[in-house]
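Below: the structure, in structure tokens.
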Amino acid sequence: MTAPFFVEEIDSRGVARITLTRADQHNVFNDVLIGELTTALAGLEQDGRVRLVILAAQGRSFSAGADLNWMKAMAGYSEAENRDDALRLAKLMQTLNRLSKPTLALVQGPAYGGGVGLAACCDIVVAAEAATFCLSEVKLGLIPAVISPYVIAAIGEAAARRYFLTAEVFSAWEAQRLGLVHEVVEAGALEQTGRQLAAKLLDGGPMAQAAAKDLVFTVTEARDDRLIDDTAERIAAVRASAEGREGVAAFLEKRKPDWRGD
């Protein structure tokens, strides 16, 4: 039987914890994880016992982005199939971002691509000093489309214009400077910091917290369904393009893409 992608626990205080468990695969995304995690988050939204949600991961990486086998399958998708696939990932990000309950990410290691998206969708992000971040999509001839509304909201347009284009790896300290991460701590203090923040969140009124989150979205005129559709259309078109197919193929074949003249 295939091991689960994550485990879900709810303690007596109403703290729900989702822990990504595919440590040997760096907690990468595929269609199964996307579907199951979206369903789990929707369930926590409706569960009256739940006061807040913690997102964490096992192993060295928080999430290294897309699963290689999934990427290989997507390389053969039509643009319409890519759009449907992108919308499922967009739904996951939207569900996490719009959760009415407080969300807290504990990032213990590298977060790439969609892993950055997960962090950006959480209300509070604590990272270990060793954590690194990367929006690596352009190296594959792709774009960070469906996560872009949340990442840009977190780091701002100027930083997005740099890191979307260079695909540089940046540190937890740089992520904090940009606004993606709220606190950087020693690895051994990550869980303790999470517990302390959870205690502070549990002090707030749950209805007031939900209203406060909704207020932020209303004031900033945050992501809406039209933007979700637009970002899915964009990544579908890029995935189906000659450059997108070449970039993914080169990555899977461990060679340089043809736009690298060297």
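Going through the structure tokens in order, the chains are called A, B, and so on, while each chain numbers its residues from 1 and the ligands are numbered from 1 in the order shown.
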
Which polymer residues have any atom within 6 Å of an atom of Leu180 of chain A, counting only C-alpha atoms, with same-chain residues fewer than 4 positions away left out, as an NGL selection string? :A and (154-155 or 175-176)

Mind dumping the selected residues with C-alpha atoms as a PDB file, in the first residue's frame?
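New file result24.pdb:
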ATOM      1  CA  ALA A 154       3.880  38.321   0.358  1.00  0.00           C
ATOM      2  CA  ILE A 155       7.122  39.615  -1.196  1.00  0.00           C
ATOM      3  CA  ALA A 175      12.638  35.565   2.913  1.00  0.00           C
ATOM      4  CA  GLN A 176      12.026  37.342   6.220  1.00  0.00           C
TER       5      GLN A 176
END

Give the strand (DSSP E) residues of segment 42-219 of chain A, as assigned by DSSP on the backbone, as a ChimeraX atom specification. /A:52-57,103-107,111-112,124-128,132-134,169-171,183-185

If we count only C-alpha atoms, what is near segment 75-87 of chain A at a cut-off of 6 Å, once residues fewer than 6 positions away on the same chain are taken out, given as a ChimeraX atom specification? /A:232-233,236-237,240,245

For Val146 of chain A, please output as a VMD selection string all residues within 7 Å (counting only C-alpha atoms; exclusion window: fewer than 5 positions along the same chain). chain A and resid 90 228 231 to 232

Can I get the selection written as a CSV table (one decimal), in the first residue's frame, with all heavy atoms?
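Saved result, again_2.csv, follows:
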chain,number,residue,atom,x,y,z
A,90,ALA,N,-4.5,25.5,-8.3
A,90,ALA,CA,-5.0,26.8,-7.9
A,90,ALA,C,-6.0,26.7,-6.8
A,90,ALA,O,-6.1,27.5,-5.9
A,90,ALA,CB,-5.6,27.5,-9.1
A,228,ILE,N,-7.8,33.6,-10.5
A,228,ILE,CA,-7.4,32.2,-10.5
A,228,ILE,C,-7.5,31.6,-11.9
A,228,ILE,O,-6.6,30.9,-12.3
A,228,ILE,CB,-8.4,31.5,-9.5
A,228,ILE,CG1,-8.3,32.0,-8.1
A,228,ILE,CG2,-8.2,29.9,-9.6
A,228,ILE,CD1,-6.9,31.7,-7.5
A,231,THR,N,-4.5,32.9,-14.1
A,231,THR,CA,-3.2,32.3,-13.9
A,231,THR,C,-3.2,30.8,-14.4
A,231,THR,O,-2.2,30.4,-14.9
A,231,THR,CB,-2.9,32.3,-12.4
A,231,THR,OG1,-3.9,31.7,-11.6
A,231,THR,CG2,-2.7,33.7,-11.9
A,232,ALA,N,-4.3,30.1,-14.3
A,232,ALA,CA,-4.4,28.8,-14.8
A,232,ALA,C,-4.2,28.8,-16.3
A,232,ALA,O,-3.5,27.9,-16.9
A,232,ALA,CB,-5.7,28.1,-14.4

Just list as an NGL selection string whatever in segment 99-180 of chain A DSSP marks as alpha helix (DSSP H). :A and (114-120 or 148-155 or 157-166 or 172-178)

For segment 109-117 of chain A, find every residue with an atom within 7 Å (counting only C-alpha atoms), except residues of its own chain fewer than 2 positions away, and show them as a ChimeraX atom specification. /A:60-65,107,119-121,128,130-137,144,147,150-151

Write the selection just made, keeping N, CA, C and O atoms, as a PDB file, in the first residue's frame?
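Result went into again.pdb, see below:
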ATOM      1  N   ARG A  60      14.197  16.493   5.260  1.00  0.00           N
ATOM      2  CA  ARG A  60      15.093  17.614   5.007  1.00  0.00           C
ATOM      3  C   ARG A  60      14.393  18.782   4.336  1.00  0.00           C
ATOM      4  O   ARG A  60      14.729  19.935   4.570  1.00  0.00           O
ATOM      5  N   SER A  61      13.408  18.496   3.470  1.00  0.00           N
ATOM      6  CA  SER A  61      12.748  19.548   2.696  1.00  0.00           C
ATOM      7  C   SER A  61      11.329  19.798   3.175  1.00  0.00           C
ATOM      8  O   SER A  61      10.617  18.861   3.555  1.00  0.00           O
ATOM      9  N   PHE A  62      10.923  21.056   3.124  1.00  0.00           N
ATOM     10  CA  PHE A  62       9.515  21.392   3.355  1.00  0.00           C
ATOM     11  C   PHE A  62       8.694  20.904   2.159  1.00  0.00           C
ATOM     12  O   PHE A  62       7.775  20.109   2.308  1.00  0.00           O
ATOM     13  N   SER A  63       9.031  21.345   0.975  1.00  0.00           N
ATOM     14  CA  SER A  63       8.470  20.810  -0.268  1.00  0.00           C
ATOM     15  C   SER A  63       9.324  21.290  -1.422  1.00  0.00           C
ATOM     16  O   SER A  63       9.577  22.492  -1.557  1.00  0.00           O
ATOM     17  N   ALA A  64       9.752  20.341  -2.251  1.00  0.00           N
ATOM     18  CA  ALA A  64      10.636  20.666  -3.374  1.00  0.00           C
ATOM     19  C   ALA A  64       9.871  20.955  -4.660  1.00  0.00           C
ATOM     20  O   ALA A  64      10.453  20.946  -5.737  1.00  0.00           O
ATOM     21  N   GLY A  65       8.568  21.190  -4.552  1.00  0.00           N
ATOM     22  CA  GLY A  65       7.798  21.534  -5.751  1.00  0.00           C
ATOM     23  C   GLY A  65       7.156  20.330  -6.396  1.00  0.00           C
ATOM     24  O   GLY A  65       6.633  19.455  -5.716  1.00  0.00           O
ATOM     25  N   VAL A 107       8.446  25.922   8.421  1.00  0.00           N
ATOM     26  CA  VAL A 107       9.278  25.547   7.282  1.00  0.00           C
ATOM     27  C   VAL A 107      10.660  25.151   7.786  1.00  0.00           C
ATOM     28  O   VAL A 107      11.457  25.999   8.180  1.00  0.00           O
ATOM     29  N   ALA A 119       3.671  28.217   1.660  1.00  0.00           N
ATOM     30  CA  ALA A 119       4.067  29.139   2.730  1.00  0.00           C
ATOM     31  C   ALA A 119       3.383  30.488   2.555  1.00  0.00           C
ATOM     32  O   ALA A 119       2.864  31.070   3.517  1.00  0.00           O
ATOM     33  N   ALA A 120       3.351  30.991   1.319  1.00  0.00           N
ATOM     34  CA  ALA A 120       2.771  32.308   1.060  1.00  0.00           C
ATOM     35  C   ALA A 120       1.278  32.355   1.364  1.00  0.00           C
ATOM     36  O   ALA A 120       0.738  33.421   1.641  1.00  0.00           O
ATOM     37  N   CYS A 121       0.614  31.210   1.312  1.00  0.00           N
ATOM     38  CA  CYS A 121      -0.827  31.148   1.571  1.00  0.00           C
ATOM     39  C   CYS A 121      -1.159  31.082   3.056  1.00  0.00           C
ATOM     40  O   CYS A 121      -2.337  31.150   3.422  1.00  0.00           O
ATOM     41  N   ALA A 128      13.151  27.690   9.806  1.00  0.00           N
ATOM     42  CA  ALA A 128      14.442  27.382  10.414  1.00  0.00           C
ATOM     43  C   ALA A 128      15.534  28.108   9.640  1.00  0.00           C
ATOM     44  O   ALA A 128      15.380  28.422   8.456  1.00  0.00           O
ATOM     45  N   ALA A 130      18.159  27.102   8.363  1.00  0.00           N
ATOM     46  CA  ALA A 130      18.669  26.364   7.204  1.00  0.00           C
ATOM     47  C   ALA A 130      17.688  26.340   6.034  1.00  0.00           C
ATOM     48  O   ALA A 130      18.047  25.884   4.938  1.00  0.00           O
ATOM     49  N   ALA A 131      16.475  26.813   6.232  1.00  0.00           N
ATOM     50  CA  ALA A 131      15.483  26.784   5.151  1.00  0.00           C
ATOM     51  C   ALA A 131      15.915  27.704   4.012  1.00  0.00           C
ATOM     52  O   ALA A 131      16.488  28.778   4.238  1.00  0.00           O
ATOM     53  N   THR A 132      15.650  27.270   2.800  1.00  0.00           N
ATOM     54  CA  THR A 132      15.916  28.092   1.622  1.00  0.00           C
ATOM     55  C   THR A 132      14.670  28.105   0.757  1.00  0.00           C
ATOM     56  O   THR A 132      13.800  27.234   0.878  1.00  0.00           O
ATOM     57  N   PHE A 133      14.592  29.085  -0.127  1.00  0.00           N
ATOM     58  CA  PHE A 133      13.411  29.281  -0.953  1.00  0.00           C
ATOM     59  C   PHE A 133      13.844  29.523  -2.392  1.00  0.00           C
ATOM     60  O   PHE A 133      14.882  30.137  -2.649  1.00  0.00           O
ATOM     61  N   CYS A 134      13.021  29.060  -3.320  1.00  0.00           N
ATOM     62  CA  CYS A 134      13.361  29.247  -4.732  1.00  0.00           C
ATOM     63  C   CYS A 134      12.104  29.161  -5.586  1.00  0.00           C
ATOM     64  O   CYS A 134      11.303  28.232  -5.432  1.00  0.00           O
ATOM     65  N   LEU A 135      11.950  30.134  -6.462  1.00  0.00           N
ATOM     66  CA  LEU A 135      10.892  30.124  -7.476  1.00  0.00           C
ATOM     67  C   LEU A 135      11.580  29.715  -8.775  1.00  0.00           C
ATOM     68  O   LEU A 135      12.007  30.552  -9.569  1.00  0.00           O
ATOM     69  N   SER A 136      11.710  28.409  -8.964  1.00  0.00           N
ATOM     70  CA  SER A 136      12.624  27.840  -9.956  1.00  0.00           C
ATOM     71  C   SER A 136      12.015  27.620 -11.335  1.00  0.00           C
ATOM     72  O   SER A 136      12.675  27.110 -12.236  1.00  0.00           O
ATOM     73  N   GLU A 137      10.755  28.012 -11.518  1.00  0.00           N
ATOM     74  CA  GLU A 137      10.019  27.601 -12.712  1.00  0.00           C
ATOM     75  C   GLU A 137      10.663  28.003 -14.034  1.00  0.00           C
ATOM     76  O   GLU A 137      10.632  27.232 -15.001  1.00  0.00           O
ATOM     77  N   PRO A 144       5.693  30.645 -12.457  1.00  0.00           N
ATOM     78  CA  PRO A 144       5.015  30.334 -11.187  1.00  0.00           C
ATOM     79  C   PRO A 144       3.610  30.936 -11.160  1.00  0.00           C
ATOM     80  O   PRO A 144       3.280  31.760 -10.302  1.00  0.00           O
ATOM     81  N   ILE A 147       0.653  30.194  -8.177  1.00  0.00           N
ATOM     82  CA  ILE A 147       1.071  30.655  -6.847  1.00  0.00           C
ATOM     83  C   ILE A 147       1.369  32.148  -6.838  1.00  0.00           C
ATOM     84  O   ILE A 147       1.552  32.738  -5.767  1.00  0.00           O
ATOM     85  N   TYR A 150      -0.322  34.900  -4.463  1.00  0.00           N
ATOM     86  CA  TYR A 150       0.000  34.792  -3.046  1.00  0.00           C
ATOM     87  C   TYR A 150       1.458  35.169  -2.784  1.00  0.00           C
ATOM     88  O   TYR A 150       1.766  35.827  -1.785  1.00  0.00           O
ATOM     89  N   VAL A 151       2.345  34.758  -3.679  1.00  0.00           N
ATOM     90  CA  VAL A 151       3.759  35.084  -3.512  1.00  0.00           C
ATOM     91  C   VAL A 151       3.985  36.583  -3.687  1.00  0.00           C
ATOM     92  O   VAL A 151       4.702  37.214  -2.897  1.00  0.00           O
TER      93      VAL A 151
END

Residue nearest Asp31 of chain A among A:Asp214, A:Asp67, A:Glu129, A:Glu45 (counting only C-alpha atoms): A:Asp67

Skip Asn30 of chain A itself and residues of its chain fewer than 2 positions away, then list as a PyMOL selection string all residues within 12 Å of it, counting only C-alpha atoms. chain A and resi 5+22+25+27-28+32-37+63-74+85-86+88-89+92+114

How would the residues just chosen look if you wrote them out with N, CA, C and O atoms as an mmCIF file, in the first residue's frame?
data_model
loop_
_atom_site.group_PDB
_atom_site.id
_atom_site.type_symbol
_atom_site.label_atom_id
_atom_site.label_comp_id
_atom_site.auth_asym_id
_atom_site.auth_seq_id
_atom_site.Cartn_x
_atom_site.Cartn_y
_atom_site.Cartn_z
ATOM 1 N N PHE A 5 0.625 10.844 1.733
ATOM 2 C CA PHE A 5 1.397 12.048 1.456
ATOM 3 C C PHE A 5 1.481 12.946 2.687
ATOM 4 O O PHE A 5 2.394 13.748 2.808
ATOM 5 N N ARG A 22 6.167 12.613 2.881
ATOM 6 C CA ARG A 22 6.993 11.970 1.853
ATOM 7 C C ARG A 22 8.425 12.530 1.905
ATOM 8 O O ARG A 22 8.911 13.124 0.946
ATOM 9 N N GLN A 25 10.959 11.742 -0.776
ATOM 10 C CA GLN A 25 10.725 12.397 -2.064
ATOM 11 C C GLN A 25 10.649 13.914 -1.924
ATOM 12 O O GLN A 25 10.140 14.608 -2.785
ATOM 13 N N ASN A 27 8.790 15.709 -0.233
ATOM 14 C CA ASN A 27 7.414 16.212 -0.114
ATOM 15 C C ASN A 27 6.951 16.951 -1.372
ATOM 16 O O ASN A 27 6.367 18.033 -1.313
ATOM 17 N N VAL A 28 7.211 16.324 -2.520
ATOM 18 C CA VAL A 28 6.856 16.947 -3.792
ATOM 19 C C VAL A 28 5.363 16.818 -4.070
ATOM 20 O O VAL A 28 4.674 15.961 -3.525
ATOM 21 N N VAL A 32 -2.360 13.579 -6.852
ATOM 22 C CA VAL A 32 -2.989 12.912 -5.706
ATOM 23 C C VAL A 32 -2.861 13.784 -4.460
ATOM 24 O O VAL A 32 -3.840 14.022 -3.741
ATOM 25 N N LEU A 33 -1.647 14.271 -4.187
ATOM 26 C CA LEU A 33 -1.444 15.137 -3.028
ATOM 27 C C LEU A 33 -2.317 16.378 -3.129
ATOM 28 O O LEU A 33 -2.968 16.779 -2.150
ATOM 29 N N ILE A 34 -2.356 16.993 -4.303
ATOM 30 C CA ILE A 34 -3.139 18.216 -4.482
ATOM 31 C C ILE A 34 -4.602 17.960 -4.154
ATOM 32 O O ILE A 34 -5.230 18.723 -3.407
ATOM 33 N N GLY A 35 -5.162 16.881 -4.687
ATOM 34 C CA GLY A 35 -6.569 16.572 -4.436
ATOM 35 C C GLY A 35 -6.851 16.251 -2.985
ATOM 36 O O GLY A 35 -7.810 16.770 -2.393
ATOM 37 N N GLU A 36 -6.008 15.412 -2.386
ATOM 38 C CA GLU A 36 -6.251 14.988 -1.009
ATOM 39 C C GLU A 36 -6.032 16.128 -0.012
ATOM 40 O O GLU A 36 -6.772 16.259 0.969
ATOM 41 N N LEU A 37 -5.036 16.962 -0.270
ATOM 42 C CA LEU A 37 -4.775 18.073 0.640
ATOM 43 C C LEU A 37 -5.878 19.127 0.541
ATOM 44 O O LEU A 37 -6.290 19.688 1.566
ATOM 45 N N SER A 63 9.031 21.345 0.975
ATOM 46 C CA SER A 63 8.470 20.810 -0.268
ATOM 47 C C SER A 63 9.324 21.290 -1.422
ATOM 48 O O SER A 63 9.577 22.492 -1.557
ATOM 49 N N ALA A 64 9.752 20.341 -2.251
ATOM 50 C CA ALA A 64 10.636 20.666 -3.374
ATOM 51 C C ALA A 64 9.871 20.955 -4.660
ATOM 52 O O ALA A 64 10.453 20.946 -5.737
ATOM 53 N N GLY A 65 8.568 21.190 -4.552
ATOM 54 C CA GLY A 65 7.798 21.534 -5.751
ATOM 55 C C GLY A 65 7.156 20.330 -6.396
ATOM 56 O O GLY A 65 6.633 19.455 -5.716
ATOM 57 N N ALA A 66 7.213 20.275 -7.720
ATOM 58 C CA ALA A 66 6.470 19.259 -8.472
ATOM 59 C C ALA A 66 7.215 17.927 -8.529
ATOM 60 O O ALA A 66 8.441 17.882 -8.617
ATOM 61 N N ASP A 67 6.449 16.853 -8.482
ATOM 62 C CA ASP A 67 6.966 15.499 -8.613
ATOM 63 C C ASP A 67 7.447 15.253 -10.051
ATOM 64 O O ASP A 67 6.774 15.623 -11.011
ATOM 65 N N LEU A 68 8.613 14.637 -10.203
ATOM 66 C CA LEU A 68 9.185 14.426 -11.532
ATOM 67 C C LEU A 68 8.290 13.571 -12.425
ATOM 68 O O LEU A 68 8.123 13.854 -13.617
ATOM 69 N N ASN A 69 7.719 12.517 -11.861
ATOM 70 C CA ASN A 69 6.845 11.658 -12.672
ATOM 71 C C ASN A 69 5.584 12.401 -13.103
ATOM 72 O O ASN A 69 5.078 12.207 -14.219
ATOM 73 N N TRP A 70 5.074 13.239 -12.222
ATOM 74 C CA TRP A 70 3.909 14.061 -12.565
ATOM 75 C C TRP A 70 4.274 15.045 -13.670
ATOM 76 O O TRP A 70 3.537 15.245 -14.628
ATOM 77 N N MET A 71 5.457 15.652 -13.562
ATOM 78 C CA MET A 71 5.918 16.579 -14.593
ATOM 79 C C MET A 71 6.061 15.866 -15.931
ATOM 80 O O MET A 71 5.732 16.416 -16.989
ATOM 81 N N LYS A 72 6.564 14.635 -15.895
ATOM 82 C CA LYS A 72 6.728 13.876 -17.130
ATOM 83 C C LYS A 72 5.374 13.613 -17.782
ATOM 84 O O LYS A 72 5.223 13.722 -18.998
ATOM 85 N N ALA A 73 4.367 13.286 -16.957
ATOM 86 C CA ALA A 73 3.021 13.072 -17.495
ATOM 87 C C ALA A 73 2.441 14.361 -18.065
ATOM 88 O O ALA A 73 1.829 14.364 -19.136
ATOM 89 N N MET A 74 2.658 15.483 -17.358
ATOM 90 C CA MET A 74 2.130 16.765 -17.821
ATOM 91 C C MET A 74 2.729 17.200 -19.143
ATOM 92 O O MET A 74 2.105 17.924 -19.917
ATOM 93 N N ASP A 85 -5.484 20.768 -14.933
ATOM 94 C CA ASP A 85 -4.525 20.390 -13.909
ATOM 95 C C ASP A 85 -4.105 21.608 -13.094
ATOM 96 O O ASP A 85 -4.025 21.565 -11.858
ATOM 97 N N ALA A 86 -3.852 22.719 -13.772
ATOM 98 C CA ALA A 86 -3.452 23.949 -13.085
ATOM 99 C C ALA A 86 -4.560 24.462 -12.178
ATOM 100 O O ALA A 86 -4.292 24.980 -11.090
ATOM 101 N N ARG A 88 -6.642 22.707 -10.530
ATOM 102 C CA ARG A 88 -6.667 21.912 -9.295
ATOM 103 C C ARG A 88 -5.619 22.422 -8.304
ATOM 104 O O ARG A 88 -5.886 22.506 -7.108
ATOM 105 N N LEU A 89 -4.428 22.753 -8.804
ATOM 106 C CA LEU A 89 -3.423 23.335 -7.915
ATOM 107 C C LEU A 89 -3.869 24.706 -7.428
ATOM 108 O O LEU A 89 -3.678 25.053 -6.258
ATOM 109 N N LEU A 92 -6.198 24.323 -4.569
ATOM 110 C CA LEU A 92 -5.509 24.024 -3.320
ATOM 111 C C LEU A 92 -4.989 25.313 -2.676
ATOM 112 O O LEU A 92 -5.220 25.560 -1.483
ATOM 113 N N GLY A 114 5.947 25.253 -5.745
ATOM 114 C CA GLY A 114 4.698 25.148 -5.009
ATOM 115 C C GLY A 114 4.882 25.159 -3.508
ATOM 116 O O GLY A 114 3.971 25.548 -2.765
#

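With only C-alpha atoms as the atoms that count, the minimum distance from Leu227 of chain A to the choices A:Ala145, A:Leu190, A:Leu96, A:Ala250 is reached by A:Ala145.
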
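In this comparison, which uses only C-alpha atoms, the residue of A:Val53, A:Asp258, A:Ile10, A:Val138 approaching Arg239 of chain A most closely is A:Val138.
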